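The block underneath contains the structure these notes are about, expressed in structure tokens.
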Amino acid sequence: MRQAFRAAAALAAVALLAAGCAKPSSSSSTPGTGTGTAKFTGCMVTDTGGINDKSFNQSSWQGMQTAAATSPNITVKYLPSTTTSDYAKNISTFISQKCGIIVTVGFLMGASTEAAAKANPKQKFAIVDCSYASQCMAGTHENNITQLVFNTAQDAFLSGYLAAGMTKTGKVATYGGMKFGTVTIYMDGFWDGVQYYNKQHHTKVQVLGWSEPSQNGTFAGSFTNITAGQTIANTFIHDGADIVFPVAGGVGLGSAKAVQTADTAGKNIAMFWVDTDGCVSAATYCKYFVTSVEKGISAAVKAAVLLGSKGHGGGSYVGTLANGGAVLAPYHSWSSKVPAKLQTEITAVKAAIISGQIVPATKSPV
């Protein structure tokens with residue numbers, strides 16, 4: 001049975017997160033857990049790649065800073081992880097500093113975050129792009145971890161509709177880095193968006209690289225092998241695709257190179273970026289990106305810190321089109337190339353998803 005998430009349900013999850021957690025006593029001496037003018041410190045442990053990685057770390061830190069900007073009583077700081085062995089050490093450092101909430105960035109930090117939360121049940125944690133449902137954390141559900149996850153089937157659905165409306169060859173393509181739920185949820189949404197366009201316009205645009213019903217498709221087996229990304233994209237282009245959507249992290253840079261080469265040869269190939277705005281994170285290739293299918297990481301982290309400062313923690317925050325946790329990036333240089341009628345249709349489809357009239361389906365858990 002397909003697992004689908006309505007926007008309303010996502011918002012309800014946030015409401016339940018706040019309502020279901022008891023507020024601490026105002027007499028508590030623990031920093032950040034009081035009410036009124038109590039000081040609250042939000043602490044973030046980065047994944048490897050640095051604070052200015054133009055990806056998850058940078059977006060998460062932006063969310064921390066935005067949360068701090070909302071109140072003079074909130075301060076934020078971070079510790080960088082150079083290697084994966086730094087995760088537990090950095091988390092332990094912040095526990096000793098009695099942070100109000102410790103935000104960890106990325107699914108690779110799942111085990112370290114879970115272990116620390118179990119050992120320190122009064123410490124609030126939040127983790128970006130990781131949940132028990134996706135098996136990023138596999139132990140007993142710790143109620144002091146806020147899982148920041150994203151229903152990217154929604155914005156990916158918009159991207160599939162957009163790709164189907166932009167293709168000249170009648171073929172578009174997507175592939176993943178590895179077959180994880182956080183990857184295939186994008187691919188599901190993209191596939192379904194193409195099918196919806198076909199239904200609305202009586203067209204037969206094909207999707208290469210993925211089938212949502214069978215859950216079979218193309219994967220690079222890596223998130224860093226740029227050569228694999230170039231090879232896969234070249235295969236899709238050879239097979240007739242003129243829009244490629246890699247859901248593969250750094251591997252997508254190889255696809256961008258392939259698209260650049262093909263476009264230079266006059267083949268008019270374009271692509272979408274994933275997770276962040278490609279015109280920021282991979283600016284060299286911006287002219288080839290029609291749009292990017294983003295996770296609203298900054299919005300999610302901001303929400304977790306603000307909820308933590310009010311005494312709430314645990315449960316899930318589900319990013320959606322409605323709350324800014326799932327985002328289709330601006331068209332940038334493509335704004336004049338995407339037909340006005342298609343842009344209007346995308347806006348209408350977005351509204352229909354937010355209202356629940358359209359429910360993008362996915363077999364991937366959030």
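Labeling convention for the structure tokens: chains A, B, ... as they appear, residues from 1 per chain, ligands from 1 in order of appearance.
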**Item:** Residue set, segment 81-150 of chain A restricted to strand (DSSP E), as JSON, numbers by chain
**Value:** {"A": [101, 102, 103, 104, 105, 124, 125, 126, 127, 128, 145, 146, 147, 148, 149, 150]}
Give me the segment 289-362 of chain A side of the contact with segment 118-135 of chain A, cut-off 9 Å, one line per residue showing its nearest atom pair and distance in Å at one decimal, counting only C-alpha atoms, sorted by chain and residue number, as a tab-separated table.
```
residue	atom	partner	partner_atom	distance
A:Lys295	CA	A:Asp129	CA	8.9
A:Ile297	CA	A:Val128	CA	7.4
A:Ala300	CA	A:Val128	CA	8.1
A:Val301	CA	A:Val128	CA	7.5
A:Ala304	CA	A:Ala126	CA	6.8
A:Val305	CA	A:Ala126	CA	8.4
A:Gly308	CA	A:Lys124	CA	7.3
A:His312	CA	A:Lys124	CA	8.5
A:Gly313	CA	A:Lys124	CA	6.2
A:Gly314	CA	A:Lys124	CA	7.5
A:Ser316	CA	A:Ser131	CA	8.1
```
Residues of segment 242-351 of chain A at most 9 Å from segment 220-227 of chain A: nearest atom pair and distance in Å, only C-alpha atoms, as CSV:
```
residue,atom,partner,partner_atom,distance
A:Val247,CA,A:Phe223,CA,8.9
A:Ala248,CA,A:Phe223,CA,5.2
A:Gly249,CA,A:Phe223,CA,5.2
A:Gly250,CA,A:Thr224,CA,4.9
A:Val251,CA,A:Ile226,CA,4.4
A:Gly252,CA,A:Ile226,CA,6.9
A:Leu253,CA,A:Ile226,CA,6.0
A:Gly254,CA,A:Ile226,CA,4.4
A:Ser255,CA,A:Ile226,CA,7.6
```
**Which residue of A:Ala270, A:Cys43, A:Ala69, A:Val172 approaches Cys99 of chain A most closely, using only C-alpha atoms** =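 Closest to Cys99 of chain A, using only C-alpha atoms: A:Cys43.
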**Item:** Neighbour list for segment 193-198 of chain A as an NGL selection string, cut-off 10 Å, only C-alpha atoms, skip fewer than 2 positions in-chain
**Value:** :A and (153-165 or 172 or 187-191 or 200-207 or 345 or 349 or 358 or 360-361)
**Prompt:** Residues of segment 83-146 of chain A in helix (DSSP H, G or I) according to DSSP, as a PyMOL selection string?
**Reply:** chain A and resi 86-96+107-119
Selection export as a tab-separated table (two decimals), in the first residue's frame, atoms kept: C-alpha atoms:
```tsv
chain	number	residue	atom	x	y	z
A	86	ASP	CA	34.10	13.54	15.83
A	87	TYR	CA	30.32	13.06	16.10
A	88	ALA	CA	30.16	11.49	19.56
A	89	LYS	CA	32.95	13.71	20.92
A	90	ASN	CA	31.25	16.91	19.78
A	91	ILE	CA	27.87	15.81	21.10
A	92	SER	CA	29.48	14.97	24.46
A	93	THR	CA	31.10	18.42	24.58
A	94	PHE	CA	27.76	20.13	24.10
A	95	ILE	CA	26.09	17.92	26.71
A	96	SER	CA	28.72	19.05	29.23
A	107	PHE	CA	21.51	10.60	8.74
A	108	LEU	CA	25.13	9.54	9.29
A	109	MET	CA	24.82	11.00	12.80
A	110	GLY	CA	21.81	8.85	13.67
A	111	ALA	CA	23.61	6.26	15.79
A	112	SER	CA	25.66	8.81	17.76
A	113	THR	CA	22.63	11.00	18.38
A	114	GLU	CA	20.48	8.07	19.47
A	115	ALA	CA	23.14	6.76	21.86
A	116	ALA	CA	23.61	10.19	23.45
A	117	ALA	CA	19.86	10.73	23.78
A	118	LYS	CA	19.42	7.38	25.50
A	119	ALA	CA	22.24	8.13	27.94
```
**Asked** atom CA of Lys179 of chain A and atom CA of Thr231 of chain A, how far apart in Å?
**Response**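 Separation between atom CA of Thr231 of chain A and atom CA of Lys179 of chain A: 18.1 Å.
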**Request:** Within 10 Å of Asp242 of chain A, counting only C-alpha atoms, which residues show up once you throw out same-chain ones fewer than 2 positions away? Write them as a list in words, please.
**Result:** Ala163, Met166, Thr167, Lys168, Thr169, Gly170, Lys171, Val172, Ala173, Ala233, Phe236, Ile237, His238, Asp239, Gly240, Val244, Val259, Ala262, Asp263, Lys267, Asn268, Ile269, Ala270 and Met271 of chain A
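The coordinates place atom CA of Val76 of chain A at 28.4 Å from atom CA of Ala283 of chain A.
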**Request:** Could you please determine the separation between atom CA of Gln58 of chain A and atom CA of Thr46 of chain A in Å, to one decimal place?
**Result:** 8.9 Å
**Message:** For a quick check of understanding, using only C-alpha atoms, which of A:Lys302, A:Gly209, A:Thr174, A:Gly181 has the smallest distance to Met44 of chain A?
**Reply:**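 So, comparing all the options, the nearest one is A:Lys302.
Among the candidate residues A:Pro246, A:Gly311, A:Gly106, A:Pro213, the one lying nearest to Trp273 of chain A is A:Pro246, with distances computed using only C-alpha atoms.
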